[in-house]
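Chemist: target_18.tsv is reproduced in full below (TSV, C-alpha atoms).
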chain	number	residue	atom	x	y	z
A	14	MET	CA	23.42	25.21	22.27
A	15	ARG	CA	20.01	24.33	20.87
A	16	ASP	CA	21.55	22.81	17.72
A	17	ARG	CA	23.93	20.73	19.83
A	18	LEU	CA	21.04	19.50	21.98
A	19	GLY	CA	19.00	18.63	18.89
A	20	GLY	CA	21.91	16.66	17.47
A	21	THR	CA	22.34	14.76	20.72
A	22	LEU	CA	18.65	13.84	20.86
A	23	ALA	CA	18.84	12.57	17.27
A	24	LEU	CA	21.70	10.15	18.03
A	25	PRO	CA	19.52	7.29	19.40
A	26	GLY	CA	17.27	7.41	16.34
A	27	LEU	CA	20.22	7.53	13.95
A	28	GLY	CA	21.87	4.64	15.78
A	29	TRP	CA	18.66	2.58	15.59
A	30	LEU	CA	18.27	3.21	11.85
A	31	THR	CA	21.93	2.42	11.23
A	32	LEU	CA	21.89	-0.82	13.21
A	33	PHE	CA	18.56	-2.21	12.08
A	34	PHE	CA	18.20	-0.74	8.57
A	35	LEU	CA	21.48	0.31	6.96
A	36	VAL	CA	23.58	-2.59	8.28
A	37	PRO	CA	21.10	-5.32	7.19
A	38	LEU	CA	20.69	-3.51	3.87
A	39	GLY	CA	24.45	-3.62	3.44
A	40	PHE	CA	24.47	-7.38	4.08
A	41	ILE	CA	21.70	-7.85	1.50
A	42	LEU	CA	23.70	-5.84	-1.02
A	43	ILE	CA	26.78	-7.98	-0.45
A	44	VAL	CA	24.80	-11.23	-0.75
A	45	SER	CA	23.22	-10.01	-4.00
A	46	LEU	CA	26.68	-9.87	-5.58
A	47	GLY	CA	27.45	-13.51	-4.83
A	48	ASP	CA	26.39	-16.95	-5.95
A	49	HIS	CA	25.14	-20.09	-4.18
A	50	ASP	CA	26.00	-23.76	-4.28
A	51	ARG	CA	23.66	-26.73	-4.29
A	52	PHE	CA	23.45	-26.61	-0.50
A	53	GLY	CA	22.25	-23.00	-0.54
A	54	ARG	CA	25.47	-21.55	0.87
A	55	VAL	CA	26.36	-18.07	-0.38
A	56	LEU	CA	29.63	-17.89	-2.35
A	57	LEU	CA	31.42	-14.54	-2.46
A	58	ASP	CA	34.64	-15.68	-4.11
A	59	SER	CA	33.99	-13.68	-7.29
A	60	PRO	CA	31.36	-10.95	-6.73
A	61	SER	CA	29.59	-9.85	-9.89
A	62	LEU	CA	26.49	-8.12	-11.22
A	63	VAL	CA	25.18	-11.22	-12.96
A	64	ASN	CA	22.21	-11.45	-10.60
A	65	TYR	CA	21.24	-7.87	-11.42
A	66	ARG	CA	21.13	-8.65	-15.12
A	67	GLU	CA	18.48	-11.20	-14.33
A	68	ALA	CA	16.37	-8.37	-12.89
A	69	LEU	CA	15.70	-7.30	-16.50
A	70	ASP	CA	14.37	-10.75	-17.33
A	71	PRO	CA	10.58	-11.08	-17.84
A	72	VAL	CA	10.58	-13.36	-14.80
A	73	PHE	CA	11.31	-10.21	-12.75
A	74	LEU	CA	9.56	-7.61	-14.89
A	75	ARG	CA	6.14	-9.25	-14.85
A	76	PRO	CA	5.85	-9.44	-11.02
A	77	ALA	CA	7.11	-5.85	-10.80
A	78	TRP	CA	4.45	-4.70	-13.28
A	79	ASN	CA	1.78	-6.69	-11.45
A	80	GLY	CA	2.74	-5.07	-8.17
A	81	LEU	CA	2.51	-1.59	-9.66
A	82	ARG	CA	-0.89	-2.33	-11.18
A	83	TYR	CA	-2.31	-3.75	-7.96
A	84	ALA	CA	-0.87	-0.89	-5.89
A	85	ALA	CA	-2.32	1.74	-8.24
A	86	ALA	CA	-5.77	0.13	-8.31
A	87	THR	CA	-5.77	-0.35	-4.54
A	88	THR	CA	-4.72	3.26	-3.91
A	89	ILE	CA	-7.42	4.67	-6.18
A	90	LEU	CA	-10.12	2.56	-4.53
A	91	CYS	CA	-8.89	3.50	-1.05
A	92	LEU	CA	-9.12	7.21	-1.91
A	93	LEU	CA	-12.54	6.87	-3.56
A	94	ILE	CA	-13.88	5.02	-0.51
A	95	GLY	CA	-11.91	6.86	2.15
A	96	TYR	CA	-12.56	10.47	1.13
A	97	PRO	CA	-16.37	10.38	1.49
A	98	ILE	CA	-16.06	8.52	4.80
A	99	ALA	CA	-13.50	10.98	6.16
A	100	TYR	CA	-15.57	13.93	4.93
A	101	TRP	CA	-18.75	12.62	6.53
A	102	ILE	CA	-17.04	11.95	9.88
A	103	SER	CA	-15.45	15.41	9.88
A	104	ARG	CA	-18.55	17.36	8.85
A	105	TYR	CA	-21.40	15.31	10.32
A	106	GLY	CA	-19.77	13.27	13.07
A	107	GLY	CA	-20.38	15.93	15.68
A	108	THR	CA	-19.56	14.76	19.18
A	109	HIS	CA	-19.19	11.18	17.91
A	110	LYS	CA	-16.06	11.79	15.82
A	111	THR	CA	-13.82	9.89	18.20
A	112	LEU	CA	-16.16	6.93	18.30
A	113	LEU	CA	-16.42	6.86	14.52
A	114	LEU	CA	-12.64	6.95	14.16
A	115	VAL	CA	-12.38	4.08	16.63
A	116	LEU	CA	-14.80	2.13	14.45
A	117	VAL	CA	-12.59	2.85	11.45
A	118	MET	CA	-9.61	1.42	13.33
A	119	LEU	CA	-11.61	-1.48	14.78
A	120	PRO	CA	-10.48	-4.01	12.12
A	121	PHE	CA	-6.89	-3.56	13.31
A	122	TRP	CA	-7.88	-5.23	16.57
A	123	THR	CA	-8.06	-8.47	14.60
A	124	SER	CA	-5.10	-10.12	12.92
A	125	TYR	CA	-4.63	-9.10	9.29
A	126	LEU	CA	-4.10	-12.77	8.45
A	127	ILE	CA	-7.49	-13.72	9.90
A	128	ARG	CA	-9.20	-10.89	8.03
A	129	THR	CA	-7.60	-12.05	4.79
A	130	TYR	CA	-8.80	-15.61	5.41
A	131	ALA	CA	-12.30	-14.17	5.85
A	132	TRP	CA	-12.15	-12.95	2.25
A	133	ILE	CA	-11.54	-16.55	1.16
A	134	THR	CA	-14.87	-17.42	2.78
A	135	ILE	CA	-16.55	-14.46	1.11
A	136	LEU	CA	-15.16	-14.97	-2.41
A	137	GLY	CA	-14.94	-18.78	-2.53
A	138	ASP	CA	-16.95	-20.94	-4.92
A	139	ASN	CA	-19.30	-21.76	-2.05
A	140	GLY	CA	-18.78	-18.40	-0.38
A	141	VAL	CA	-21.11	-15.59	0.54
A	142	VAL	CA	-21.00	-13.75	-2.81
A	143	ASN	CA	-21.65	-16.81	-4.96
A	144	SER	CA	-24.33	-18.07	-2.60
A	145	VAL	CA	-26.20	-14.76	-2.83
A	146	LEU	CA	-25.86	-14.57	-6.61
A	147	GLN	CA	-27.19	-18.08	-7.04
A	148	ALA	CA	-29.98	-17.53	-4.51
A	149	VAL	CA	-31.35	-14.53	-6.39
A	150	GLY	CA	-30.97	-16.32	-9.73
A	151	LEU	CA	-28.29	-14.12	-11.28
A	152	THR	CA	-25.96	-17.08	-11.86
A	153	ARG	CA	-26.35	-20.83	-12.05
A	154	GLU	CA	-22.72	-21.76	-11.55
A	155	PRO	CA	-20.24	-20.24	-9.11
A	156	ILE	CA	-18.22	-17.35	-10.49
A	157	ILE	CA	-14.47	-17.71	-10.13
A	158	LEU	CA	-13.47	-14.87	-7.81
A	159	LEU	CA	-10.60	-16.34	-5.83
A	160	ASN	CA	-7.10	-16.55	-7.28
A	161	THR	CA	-7.76	-13.54	-9.49
A	162	ASP	CA	-6.55	-9.96	-9.75
A	163	LEU	CA	-9.94	-8.78	-8.48
A	164	ALA	CA	-9.63	-10.80	-5.27
A	165	VAL	CA	-6.15	-9.40	-4.56
A	166	VAL	CA	-7.21	-5.79	-5.14
A	167	LEU	CA	-10.37	-6.17	-3.04
A	168	GLY	CA	-8.43	-7.75	-0.17
A	169	MET	CA	-5.77	-5.06	-0.15
A	170	THR	CA	-8.35	-2.27	-0.45
A	171	TYR	CA	-10.20	-3.60	2.57
A	172	GLY	CA	-6.97	-3.90	4.53
A	173	PHE	CA	-5.50	-0.51	3.69
A	174	VAL	CA	-8.50	1.85	3.41
A	175	PRO	CA	-8.19	2.97	7.07
A	176	PHE	CA	-4.70	4.27	6.22
A	177	ALA	CA	-6.37	6.57	3.69
A	178	ILE	CA	-9.23	7.64	5.94
A	179	LEU	CA	-7.10	8.86	8.84
A	180	PRO	CA	-4.87	11.41	7.01
A	181	LEU	CA	-7.86	12.52	4.94
A	182	PHE	CA	-9.89	13.11	8.10
A	183	VAL	CA	-7.12	15.20	9.66
A	184	SER	CA	-6.82	17.33	6.52
A	185	ILE	CA	-10.58	17.79	6.12
A	186	ASP	CA	-11.16	18.48	9.82
A	187	ARG	CA	-8.62	21.32	9.74
A	188	LEU	CA	-10.37	23.00	6.82
A	189	ASP	CA	-11.86	26.38	7.73
A	190	ASP	CA	-15.60	26.22	7.02
A	191	SER	CA	-15.69	29.96	6.41
A	192	LEU	CA	-13.69	29.47	3.19
A	193	VAL	CA	-16.35	27.15	1.79
A	194	ALA	CA	-19.06	29.55	2.99
A	195	ALA	CA	-17.29	32.41	1.22
A	196	ALA	CA	-17.25	30.44	-2.01
A	197	ARG	CA	-20.97	29.77	-1.70
A	198	ASP	CA	-21.60	33.46	-0.98
A	199	LEU	CA	-19.88	34.21	-4.29
A	200	TYR	CA	-22.51	32.04	-6.00
A	201	ALA	CA	-20.36	28.94	-6.36
A	202	SER	CA	-22.33	25.73	-6.54
A	203	GLY	CA	-21.64	22.93	-4.10
A	204	ARG	CA	-19.67	21.07	-6.74
A	205	ALA	CA	-17.65	24.16	-7.66
A	206	ALA	CA	-16.91	24.95	-4.01
A	207	PHE	CA	-15.69	21.41	-3.47
A	208	ARG	CA	-13.54	21.45	-6.60
A	209	HIS	CA	-11.94	24.86	-6.09
A	210	VAL	CA	-11.84	25.13	-2.29
A	211	THR	CA	-12.31	21.87	-0.38
A	212	LEU	CA	-10.31	19.50	-2.56
A	213	PRO	CA	-7.24	21.74	-3.09
A	214	LEU	CA	-7.02	22.63	0.60
A	215	THR	CA	-7.30	18.97	1.63
A	216	MET	CA	-4.71	17.84	-0.94
A	217	PRO	CA	-2.06	17.21	1.78
A	218	GLY	CA	-4.31	14.48	3.17
A	219	VAL	CA	-4.79	13.05	-0.33
A	220	VAL	CA	-1.03	13.00	-0.88
A	221	ALA	CA	-0.36	11.36	2.49
A	222	GLY	CA	-3.08	8.75	2.01
A	223	THR	CA	-1.88	8.00	-1.51
A	224	LEU	CA	1.73	7.47	-0.48
A	225	ILE	CA	0.84	5.30	2.51
A	226	CYS	CA	-1.61	3.07	0.64
A	227	PHE	CA	0.62	2.77	-2.42
A	228	THR	CA	3.71	1.70	-0.49
A	229	LEU	CA	1.74	-0.76	1.62
A	230	ALA	CA	0.07	-2.30	-1.43
A	231	LEU	CA	3.31	-2.50	-3.39
A	232	SER	CA	5.04	-4.43	-0.61
A	233	ALA	CA	2.03	-6.59	0.31
A	234	PHE	CA	2.74	-10.30	0.69
A	235	VAL	CA	-0.10	-11.95	2.62
A	236	THR	CA	-2.97	-10.86	0.38
A	237	PRO	CA	-1.42	-11.87	-2.98
A	238	ARG	CA	-0.27	-15.13	-1.40
A	239	LEU	CA	-3.68	-16.14	-0.01
A	240	LEU	CA	-6.17	-14.51	-2.36
A	241	GLY	CA	-3.97	-14.95	-5.43
A	242	GLY	CA	-3.50	-18.65	-4.75
A	243	GLY	CA	-0.04	-18.72	-6.27
A	244	ARG	CA	-1.32	-17.56	-9.66
A	245	VAL	CA	-0.67	-13.89	-8.93
A	246	GLN	CA	3.05	-13.10	-8.90
A	247	VAL	CA	4.48	-9.98	-7.25
A	248	LEU	CA	7.98	-9.13	-6.06
A	249	PRO	CA	7.35	-9.89	-2.36
A	250	LEU	CA	6.29	-13.40	-3.36
A	251	MET	CA	9.48	-13.76	-5.42
A	252	VAL	CA	11.54	-12.82	-2.38
A	253	TYR	CA	9.69	-15.47	-0.37
A	254	ASN	CA	10.03	-18.15	-3.04
A	255	ASN	CA	13.76	-17.54	-3.51
A	256	THR	CA	14.27	-17.67	0.25
A	257	VAL	CA	12.37	-20.95	0.54
A	258	GLU	CA	14.52	-22.37	-2.25
A	259	ILE	CA	17.60	-21.15	-0.33
A	260	ASN	CA	18.59	-19.00	-3.31
A	261	TRP	CA	19.79	-16.10	-1.19
A	262	PRO	CA	21.53	-14.03	-3.93
A	263	THR	CA	18.48	-13.97	-6.20
A	264	GLY	CA	16.25	-13.31	-3.19
A	265	ALA	CA	18.51	-10.39	-2.22
A	266	VAL	CA	18.24	-8.96	-5.74
A	267	SER	CA	14.45	-9.34	-5.60
A	268	GLY	CA	14.35	-7.50	-2.28
A	269	LEU	CA	16.57	-4.67	-3.47
A	270	THR	CA	14.57	-4.40	-6.68
A	271	LEU	CA	11.40	-4.06	-4.63
A	272	LEU	CA	13.04	-1.39	-2.46
A	273	LEU	CA	14.29	0.62	-5.44
A	274	LEU	CA	10.95	0.26	-7.21
A	275	SER	CA	9.13	1.49	-4.11
A	276	VAL	CA	11.41	4.50	-3.71
A	277	ALA	CA	11.15	5.40	-7.41
A	278	ALA	CA	7.38	4.99	-7.48
A	279	VAL	CA	6.87	7.05	-4.33
A	280	TRP	CA	9.19	9.79	-5.60
A	281	ALA	CA	7.42	9.96	-8.96
A	282	LEU	CA	3.98	9.84	-7.36
A	283	ASN	CA	4.85	12.54	-4.86
A	284	ALA	CA	6.28	14.77	-7.61
A	285	LEU	CA	3.14	14.27	-9.71
A	286	LEU	CA	0.75	15.06	-6.87
A	287	ARG	CA	2.69	18.14	-5.83
A	288	LYS	CA	2.34	19.56	-9.35
A	289	LEU	CA	-1.44	19.30	-9.35
A	290	PRO	CA	-3.12	22.74	-9.64
A	291	SER	CA	-4.37	24.10	-6.33
A	292	VAL	CA	-7.44	25.72	-7.85
Show me this structure written as structure tokens.

Modeler:
Amino acid sequence: MRDRLGGTLALPGLGWLTLFFLVPLGFILIVSLGDHDRFGRVLLDSPSLVNYREALDPVFLRPAWNGLRYAAATTILCLLIGYPIAYWISRYGGTHKTLLLVLVMLPFWTSYLIRTYAWITILGDNGVVNSVLQAVGLTREPIILLNTDLAVVLGMTYGFVPFAILPLFVSIDRLDDSLVAAARDLYASGRAAFRHVTLPLTMPGVVAGTLICFTLALSAFVTPRLLGGGRVQVLPLMVYNNTVEINWPTGAVSGLTLLLLSVAAVWALNALLRKLPSV
């Protein structure tokens, strides 16, 4: 009876996923097998895998590699920034934990697009960073910061670091303080207690934060588009460019390549993190 009830309750969710995920994905797969004419109309007279052969072309491989690099760098920075913040809120936030978490989520009250445009003001030739550097005499000419890999990684790190802080906070807040105290009673230093007790026991939060930030960064479109200035190419931008050019089959291949790359990267990353030693 309970199993039947559980299956019935799952039907709306399965129907939603089928209608709005599997069906569109099926259409994209069909379009990727076709061709297009000069008017942009999709031709399915002779389906083939020609478009998928182009996925091995450097035109595809370079944006895919760029996306992986940016996602990896962004994820590492998010963890390095997010873990100390989450640890401090959990251990020293006291009765203000909720308020501090609200402050972490506060940027989400503003449009992500507006926050990305703010980085253009910060990193521009006449922006805040260059103005400060020139004011203190460190540089005479503006440093090129926009339209670079650094700008893209900084923008994505700023946008996605809250997604690392929240799962890390939950994992750290659930940690039993008596376990750390026991390690200290056994003459473990603070660094040793963190390495052998705190970090292994909070690894679920690290895994969750890593997967969330990595997938978000890999599929990011707005930040590479605005802060990369068209010089930084990633797969989401290829999907956009092919769609604008009304090249639907190539755009479909780009989208499916991004999906498969995301699934493969997440699977490999999850397998790697799960194999890390617990002590």

Chemist: Residues of region 31-127 of chain A within 10 Å of region 245-260 of chain A: nearest atom pair and distance (Å, one decimal) for each, counting all atoms listed in the file, sorted by chain and number, as a Markdown table?

Modeler:
| residue | atom | partner | partner_atom | distance |
| --- | --- | --- | --- | --- |
| A:Asp48 | CA | A:Asn260 | CA | 8.5 |
| A:His49 | CA | A:Asn260 | CA | 6.7 |
| A:Asp50 | CA | A:Asn260 | CA | 8.9 |
| A:Arg51 | CA | A:Ile259 | CA | 9.1 |
| A:Phe52 | CA | A:Ile259 | CA | 8.0 |
| A:Gly53 | CA | A:Ile259 | CA | 5.0 |
| A:Arg54 | CA | A:Ile259 | CA | 8.0 |
| A:Val55 | CA | A:Asn260 | CA | 8.4 |
| A:Val72 | CA | A:Met251 | CA | 9.5 |
| A:Phe73 | CA | A:Leu248 | CA | 7.6 |
| A:Leu74 | CA | A:Leu248 | CA | 9.1 |
| A:Arg75 | CA | A:Gln246 | CA | 7.7 |
| A:Pro76 | CA | A:Val247 | CA | 4.0 |
| A:Ala77 | CA | A:Leu248 | CA | 5.8 |
| A:Trp78 | CA | A:Val247 | CA | 8.0 |
| A:Asn79 | CA | A:Val247 | CA | 6.0 |
| A:Gly80 | CA | A:Val247 | CA | 5.3 |
| A:Leu81 | CA | A:Val247 | CA | 8.9 |
| A:Tyr83 | CA | A:Val247 | CA | 9.2 |

Chemist: Got time to write the residues from that selection, C-alpha atoms, as a CSV table (one decimal), in the coordinates of the input?

Modeler:
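Writing the result to selection06.csv gives the following:
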chain,number,residue,atom,x,y,z
A,48,ASP,CA,26.4,-17.0,-6.0
A,49,HIS,CA,25.1,-20.1,-4.2
A,50,ASP,CA,26.0,-23.8,-4.3
A,51,ARG,CA,23.7,-26.7,-4.3
A,52,PHE,CA,23.4,-26.6,-0.5
A,53,GLY,CA,22.2,-23.0,-0.5
A,54,ARG,CA,25.5,-21.6,0.9
A,55,VAL,CA,26.4,-18.1,-0.4
A,72,VAL,CA,10.6,-13.4,-14.8
A,73,PHE,CA,11.3,-10.2,-12.8
A,74,LEU,CA,9.6,-7.6,-14.9
A,75,ARG,CA,6.1,-9.2,-14.8
A,76,PRO,CA,5.8,-9.4,-11.0
A,77,ALA,CA,7.1,-5.8,-10.8
A,78,TRP,CA,4.4,-4.7,-13.3
A,79,ASN,CA,1.8,-6.7,-11.4
A,80,GLY,CA,2.7,-5.1,-8.2
A,81,LEU,CA,2.5,-1.6,-9.7
A,83,TYR,CA,-2.3,-3.8,-8.0

Chemist: Using CA of Ser202 (chain A) and CA of Val183 (chain A) as the two end points, give the distance in Å to one decimal.

Modeler: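 Separating CA of Ser202 (chain A) from CA of Val183 (chain A) is a distance of 24.6 Å.
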
Chemist: Of the candidates A:Gly172, A:Pro155, A:Gly150, A:Gly106, which one gets nearest to Ala131 (chain A) if we count only C-alpha atoms?

Modeler: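 Checking each candidate against Ala131 (chain A), we get A:Gly172 as the closest.
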
Chemist: Taking every listed atom of region 26-33 of chain A and adding 5 Å to each side, what centre and edge lengths in Å (one decimal) does the axis-aligned box have, as AutoDock Vina command-line options?

Modeler:
--center_x 19.6 --center_y 2.7 --center_z 13.8 --size_x 14.7 --size_y 19.7 --size_z 15.1

Chemist: Choose the residue, out of A:Leu188, A:Met169, A:Leu151, A:Leu240, that has the smallest atom-to-atom separation from Leu136 (chain A); count all atoms listed in the file.

Modeler: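 Of A:Leu188, A:Met169, A:Leu151, A:Leu240, the one nearest Leu136 (chain A) is A:Leu240, counting all atoms listed in the file.
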
Chemist: Which one is closest to Asp189 (chain A): A:Leu32, A:Arg128, A:Thr211, A:Ser59? Count all atoms listed in the file.

Modeler: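 Selected residue with least distance to Asp189 (chain A): A:Thr211.
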
Chemist: Which value, in Å to one decimal, gives the distance between CA of Leu116 (chain A) and CA of Leu231 (chain A)?

Modeler: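 For CA of Leu116 (chain A) relative to CA of Leu231 (chain A), the distance reads 25.8 Å.
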
Chemist: Report, in Å to a single decimal, how far apart CA of Ser232 (chain A) and CA of Leu92 (chain A) are.

Modeler: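 Those two atoms sit 18.4 Å apart.
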
Chemist: Taking 4 positions as the minimum chain separation for residues in the same chain, which residues sit within 9 Å of Met216 (chain A) when counting all atoms listed in the file? Answer as an NGL selection string.

Modeler: :A and (181 or 184 or 211-212 or 220-221 or 286-287 or 291)

Chemist: Pick out the closest residue to Pro97 (chain A) from this set: A:Ala177, A:Tyr200, A:Ala148, A:Asn283. Count all atoms listed in the file.

Modeler: A:Ala177

Chemist: Could you pull the residues within 8 Å of Asp138 (chain A), counting only C-alpha atoms, minus those fewer than 4 positions along the same chain, as an NGL selection string?

Modeler: :A and (143 or 155-159)

Chemist: Near Val117 (chain A), within 9 Å and counting only C-alpha atoms, which residues show up once chain neighbours fewer than 3 positions away are dropped, as a list in words?

Modeler: Leu112, Leu113, Leu114, Pro120, Phe121, Pro175, Ile178 and Leu179 of chain A

Chemist: Tell me, as a ChimeraX atom specification, which residues lie within 10 Å of Arg244 (chain A), counting all atoms listed in the file; anything in the same chain fewer than 6 positions away does not count.

Modeler: /A:160-162,237-238

Chemist: For Leu272 (chain A), which residue out of A:Val115, A:Ile41, A:Gly222, A:Leu69 is the nearest one, using only C-alpha atoms?

Modeler: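 Looking at the shortest contact to Leu272 (chain A), the residue is A:Ile41.
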
Chemist: As a ChimeraX atom specification, please: the residues near Thr270 (chain A) (cut-off 10 Å, all atoms listed in the file, same-chain neighbours under 3 positions excluded).

Modeler: /A:65,68,73,77,248,252,264-267,273-276

Chemist: Could those selected residues go to a file with C-alpha atoms, as a PDB file, in the frame of the given file?

Modeler:
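Saved as out_10.pdb:
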ATOM      1  CA  TYR A  65      21.240  -7.870 -11.420  1.00  0.00           C
ATOM      2  CA  ALA A  68      16.370  -8.370 -12.890  1.00  0.00           C
ATOM      3  CA  PHE A  73      11.310 -10.210 -12.750  1.00  0.00           C
ATOM      4  CA  ALA A  77       7.110  -5.850 -10.800  1.00  0.00           C
ATOM      5  CA  LEU A 248       7.980  -9.130  -6.060  1.00  0.00           C
ATOM      6  CA  VAL A 252      11.540 -12.820  -2.380  1.00  0.00           C
ATOM      7  CA  GLY A 264      16.250 -13.310  -3.190  1.00  0.00           C
ATOM      8  CA  ALA A 265      18.510 -10.390  -2.220  1.00  0.00           C
ATOM      9  CA  VAL A 266      18.240  -8.960  -5.740  1.00  0.00           C
ATOM     10  CA  SER A 267      14.450  -9.340  -5.600  1.00  0.00           C
ATOM     11  CA  LEU A 273      14.290   0.620  -5.440  1.00  0.00           C
ATOM     12  CA  LEU A 274      10.950   0.260  -7.210  1.00  0.00           C
ATOM     13  CA  SER A 275       9.130   1.490  -4.110  1.00  0.00           C
ATOM     14  CA  VAL A 276      11.410   4.500  -3.710  1.00  0.00           C
TER      15      VAL A 276
END

Chemist: Which residue, A:Leu224, A:Leu57, A:Ala23, A:Val36, has the smallest gap to Trp280 (chain A) when you use all atoms listed in the file?

Modeler: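 Comparing A:Leu224, A:Leu57, A:Ala23, A:Val36 against Trp280 (chain A), the winner is A:Leu224.
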